[in-house]
Amino acid sequence: MGEIAISFSNGTLSHLEKLEASARNVTLKQEKIKEYEEKILKMKMRIQELRNQRDELKTKLNVCQSQSTPHKDAMKNSLQVSKATTTSQQDILGWKIENAKGLLELFHLTGLSGKLTEQGVSFCISTAFEGTYLDSYYVDILIQQPLRIQHHSIPVFIPLEQIANEHLQKDIKCFLSVLSDHLNAYARRKFQVDQLQEHFAVFLEGCMKGNSLYNQLEFNYRVTEDGSFPFTAKIIYGNPMNALPTKVTVVCKAKDAPVSVDEMAAAHLALFYEKPLQDVFISITASVENLNQPIAATSSSYSSVPSEVAAL
């Protein structure tokens with residue numbers, strides 16, 4: 001009988017050690033998630049600061065343009081009196097060059113920068129997401145009548161020609177702003193997919209399906225590190241200048257799935273609308289770990305009873 005009690009005690013202790021190791025792993029993961037969320041919060045605060053600076057610079061630019069209106073009117077009247085067509089074109093081009101210099105200085109802190117070239121201006125559009133700098137693209141514009149794009153590195157699936165036709169001749173500042181919004185939204189969608197596949201690959205079934213613009217995505221996933229992949233997510237980004245989706249569907253592949261799984265899919269659906277992809281899976285995995293932790297604690301309390309009996 002003594003040998004049986006000792007063996008039973010050893011088995012219980014071994015089970016307790018496994019539970020303790022599992023609890024430590026959960027704690028470590030929660031600490032990593034907390035550090036990651038704190039880093040995200042700091043990045044978002046920095047982005048808000050840069051946005052405030054951008055808005056302030058835009059206000060200053062509008063003031064400068066409004067102050068230059070009397071000068072443009074006087075120049076226009078003078079040109080009409082002199083009727084010097086060649087001279088008027090040179091003056092207009094000169095004003096555009098000076099205006100371009102001002103834009104280069106004002107846009108520097110808003111992800112836009114550039115330099116004057118022999119024939120015009122070369123603009124660089126930098127993209128970023130939550131404090132992380134991503135890719136940069138350039139557009140060379142010839143300062144002539146009319147303005148013309150000479151060279152660029154914009155991806156073919158960005159509607160550059162359409163944006164130029166709508167804004168380039170009317171307002172170069174608006175043209176650059178709209179183009180920057182398109183590029184940033186594309187870069188941020190791509191960044192989300194890269195982060196999801198890099199940090200949460202164990203939760204994904206194979207490679208994600210999507211197009212070059214990253215505005216249509218489909219993938220199967222699970223909420224634990226083992227087992228099947230019960231959920232299928234289809235995500236559509238209908239707004240080309242936004243990094244959050246406009247339409248999401250999350251379904252459970254199993255036809256006879258319990259109600260709790262359908263409720264979980266509904267909760268995931270709301271997260272996909274509100275957060276970037278990597279943040280969605282941080283929330284999903286954290287909620288699953290929180291649900292499992294009380295179960296481990298309950299198992300530990302029940303396991304202590306046989307240990308005391310065996311000791312007796």
# chains A, B, ... in the order shown; residues from 1 in each chain; ligands from 1

$ residues_around --residues "Val250 of chain A" --least-positions-apart "5" --cutoff "12 Å" --atoms "only C-alpha atoms" --output "PDB file with C-alpha atoms, in the first residue's frame"
ATOM      1  CA  LEU A 217      -8.190  38.990 -48.660  1.00  0.00           C
ATOM      2  CA  GLU A 218      -9.310  35.483 -47.728  1.00  0.00           C
ATOM      3  CA  PHE A 219      -7.806  33.042 -45.219  1.00  0.00           C
ATOM      4  CA  ASN A 220      -8.641  30.176 -42.854  1.00  0.00           C
ATOM      5  CA  TYR A 221      -7.613  30.450 -39.213  1.00  0.00           C
ATOM      6  CA  ARG A 222      -7.895  28.975 -35.744  1.00  0.00           C
ATOM      7  CA  PRO A 230     -12.579  26.165 -38.246  1.00  0.00           C
ATOM      8  CA  PHE A 231     -12.925  29.812 -39.351  1.00  0.00           C
ATOM      9  CA  THR A 232     -12.823  31.430 -42.796  1.00  0.00           C
ATOM     10  CA  ALA A 233     -12.471  35.215 -43.101  1.00  0.00           C
ATOM     11  CA  LYS A 234     -13.146  37.253 -46.249  1.00  0.00           C
ATOM     12  CA  ILE A 235     -12.115  40.916 -46.055  1.00  0.00           C
ATOM     13  CA  ILE A 236     -12.764  43.674 -48.609  1.00  0.00           C
ATOM     14  CA  VAL A 261     -18.380  28.770 -32.137  1.00  0.00           C
ATOM     15  CA  ASP A 262     -20.873  30.906 -34.068  1.00  0.00           C
ATOM     16  CA  GLU A 263     -20.837  33.441 -31.238  1.00  0.00           C
ATOM     17  CA  MET A 264     -17.046  33.487 -31.380  1.00  0.00           C
ATOM     18  CA  ALA A 265     -17.159  34.144 -35.138  1.00  0.00           C
ATOM     19  CA  ALA A 266     -19.507  37.092 -34.552  1.00  0.00           C
ATOM     20  CA  ALA A 267     -17.084  38.545 -31.988  1.00  0.00           C
ATOM     21  CA  HIS A 268     -14.198  38.166 -34.449  1.00  0.00           C
ATOM     22  CA  LEU A 269     -16.246  39.947 -37.124  1.00  0.00           C
ATOM     23  CA  ALA A 270     -16.527  43.093 -35.011  1.00  0.00           C
ATOM     24  CA  LEU A 271     -12.775  43.091 -34.326  1.00  0.00           C
ATOM     25  CA  PHE A 272     -11.889  42.928 -38.038  1.00  0.00           C
ATOM     26  CA  TYR A 273     -13.888  46.116 -38.650  1.00  0.00           C
TER      27      TYR A 273
END

$ residues_around --residues "Pro146 of chain A" --least-positions-apart "2" --cutoff "10 Å" --atoms "only C-alpha atoms" --output "JSON, numbers by chain"
{"A": [142, 143, 144, 148, 168, 169]}

$ residues_around --residues "Glu166 of chain A" --least-positions-apart "4" --cutoff "12 Å" --atoms "only C-alpha atoms" --output "count of residues only"
12

$ residues_around --residues "Gln30 of chain A" --least-positions-apart "2" --cutoff "12 Å" --atoms "only C-alpha atoms" --output "number ranges by chain"
A: 23-28, 32-37, 282-283, 285-290, 293

$ atom_distance --atom1 "atom CA of Gly238 of chain A" --atom2 "atom CA of Asn215 of chain A"
7.2 Å

$ atom_distance --atom1 "atom CA of Val223 of chain A" --atom2 "atom CA of Phe281 of chain A"
8.3 Å
